[in-house]
Structure formats: C-alpha cells, structure tokens
Amino acid sequence: MNKHFLQRGLLPAIGIISTAFIFSATCAAATEKKEPWQLAEETEVWEPVPAVISVPASGIPSDATVLFDGKNLSQWQGAEGGEAKWKIVDGAMVVVPKTGDIKTKESFCDVQLHVEWKAPTLITDDNGKLLEGQGRNNSGVFLQERYEVQVLDSFNNKTYPNGQAGSIYKQSIPLVNAARAPGEWQTYDIIFTAPKFDSAQKLTSPGYVTVLHNGVLVQNHFEIQGATEWIGKPVYKAHGCAPIRLQDHGNAMNFRNIWVRKL
C-alpha cells in the first residue's frame, strides 16, 4: 500500500470516524434516562453549612446579645450620654418620667430584636382624668435611634391608626390591632434591615422592617420612608450603625427580656 495513501487518505478518515464515535457516545450518555435520585442530586446544595445555635424552649438564642435580663442596666446609657436613670422593679425596666430616653451602648445595623413591654393599669392622670389617644401610656422602640416602632396602650383606646401600637410611627398603619389589656405583658419581634448609603451620603437602599406584635404579623417588610418625625414628612439622612433607643414619653412603661441578634 502506498504510504502517501495512508498519510493523506486513511488517517484522516480514521480521525473522522473516531470523532463521530465519541460524539455519538456523548449524545447517548446525555439522553440516557436518569434515576429520580440522580435528578434530585442536581439541585442539592451542600455549602455553606449553617452555624449551629441552641434555642431553649423558653429562653434566648445562644447567638443573641442580651440587652436586658432584669438584673441591671449595664448595656444602656442616657440618650445624651451618662447613666441610664430608669429603674428596675421586679425584673422589669421601668421608665422614670422626665429622666429622658435611654439607648444601648452598642450600635447595630441589621438585626432581629425581641422586646417585651407592659402598659400600666393606671389609665388616669394625677387629677383622675382619663388618659386617651397618644397620652395613654406611650413609649417607642427606635431602631438606629431614628425609626420608631410605636409602643402605646392601644387596648380600647382610639387614636390615629399610624400612631397606635405596632405602627411605624406616622408612616405605616399596623395590619391589625393585636394589643392586650394594660397590665399584661406584650411582645415585639422585629426584623430590621438598615438603610444603606454610598460614599456621597446618597441613599442606595431604604430600610425595611417586619414586626410581629404578640406573635401576630402587623408590619410585613415595610419600606421605611425616612427618620421618624412628629411634624412633617420623613426624610433620610446618611448614617452608619447606631444604638437602639427606648423612649421616655412621660409614662411609666415597663420593659423586660430584651435581646438582639445581628443579621
């Protein structure tokens, strides 16, 4: 056989046949029917593995920061600095009217926050006049010292709905009124996504808040419009992580079992 024939004719043909065989085998494998477990494996994701934490049935998650456990105010300070002047009574933190707001010593960004609060059973002033509306045992939980989840005795107490318990004050009416009677402990479980700002101090992402009042969803991923204002429209001003603040509104509101998880 002529060697030129081998070099120019047979060898290229062999290459074509070999390539065709490989292509055919690949197509056959691709069209081969897979078992259900093989198909299921294609959507399994094994990393990252979530960290393991302990969650007692009636306790605090092991990765939470305890802000108040009924013993002392070591995690808190006055809103303008200095010592927090509220008092502790029977394991509860009680507002001492006219001593001012208090705030955490630590600053936070995105958080899961748990707060328990109780309105006094006394719903009259020193002269026996019925406390009504915003005067009925008022306080507030301020996220990053700016964005208020309203605390108010809203049990049989008429007021503007975007100012009742569970509202994002003057911004969002709660989905329902889940308030318990004064003298009963109530819970807020809050999921907060902090607003983001760029290097030019411009808002790049608004804040969002979800609130469960006594286990009931009352704010569902609400887009915060800006810092809480009593008068006027809310406006964003650039800031970083900041403390959680509790309001002294002139009433002896009670707080206990406060903890936070950084998200």
# chains A, B, ... in the order shown; residues from 1 in each chain; ligands from 1
$ residues_around --residues "stretch 114-121 of chain A" --least-positions-apart "3" --cutoff "10 Å" --atoms "only C-alpha atoms" --output "ChimeraX atom specification"
/A:60,64,66-68,92-94,111,124,136-139,141,151-155,180-191,211-214,251-261
$ select_by_dssp --residues "stretch 124-227 of chain A" --states "strand (DSSP E or B)" --output "PyMOL selection string"
chain A and resi 124+130+138-143+147-152+168+172+186-193+196-197+203-205+208-213+216-223
$ atom_distance --atom1 "atom CA of A:Cys109" --atom2 "atom CA of A:Asp63"
15.9 Å
$ closest_residue --among "A:Tyr169, A:Tyr160, A:Tyr236, A:Phe142" --to "A:Ala79" --atoms "only C-alpha atoms"
A:Phe142
$ atom_distance --atom1 "atom CA of A:Val52" --atom2 "atom CA of A:Gln38"
28.7 Å
$ atom_distance --atom1 "atom CA of A:Pro234" --atom2 "atom CA of A:Glu145"
13.9 Å
$ closest_residue --among "A:Leu113, A:Ala242, A:Ala40, A:Val49" --to "A:Thr65" --atoms "only C-alpha atoms"
A:Leu113
$ residues_around --residues "A:Leu246" --least-positions-apart "3" --cutoff "6 Å" --atoms "only C-alpha atoms" --output "PyMOL selection string"
chain A and resi 101-102+140-141
$ write_last_selection --atoms "C-alpha atoms" --output "CSV table (one decimal), in the first residue's frame"
chain,number,residue,atom,x,y,z
A,101,ASP,CA,-34.7,58.4,76.7
A,102,ILE,CA,-32.2,55.6,77.1
A,140,GLY,CA,-41.4,53.7,71.5
A,141,VAL,CA,-38.6,51.4,70.2
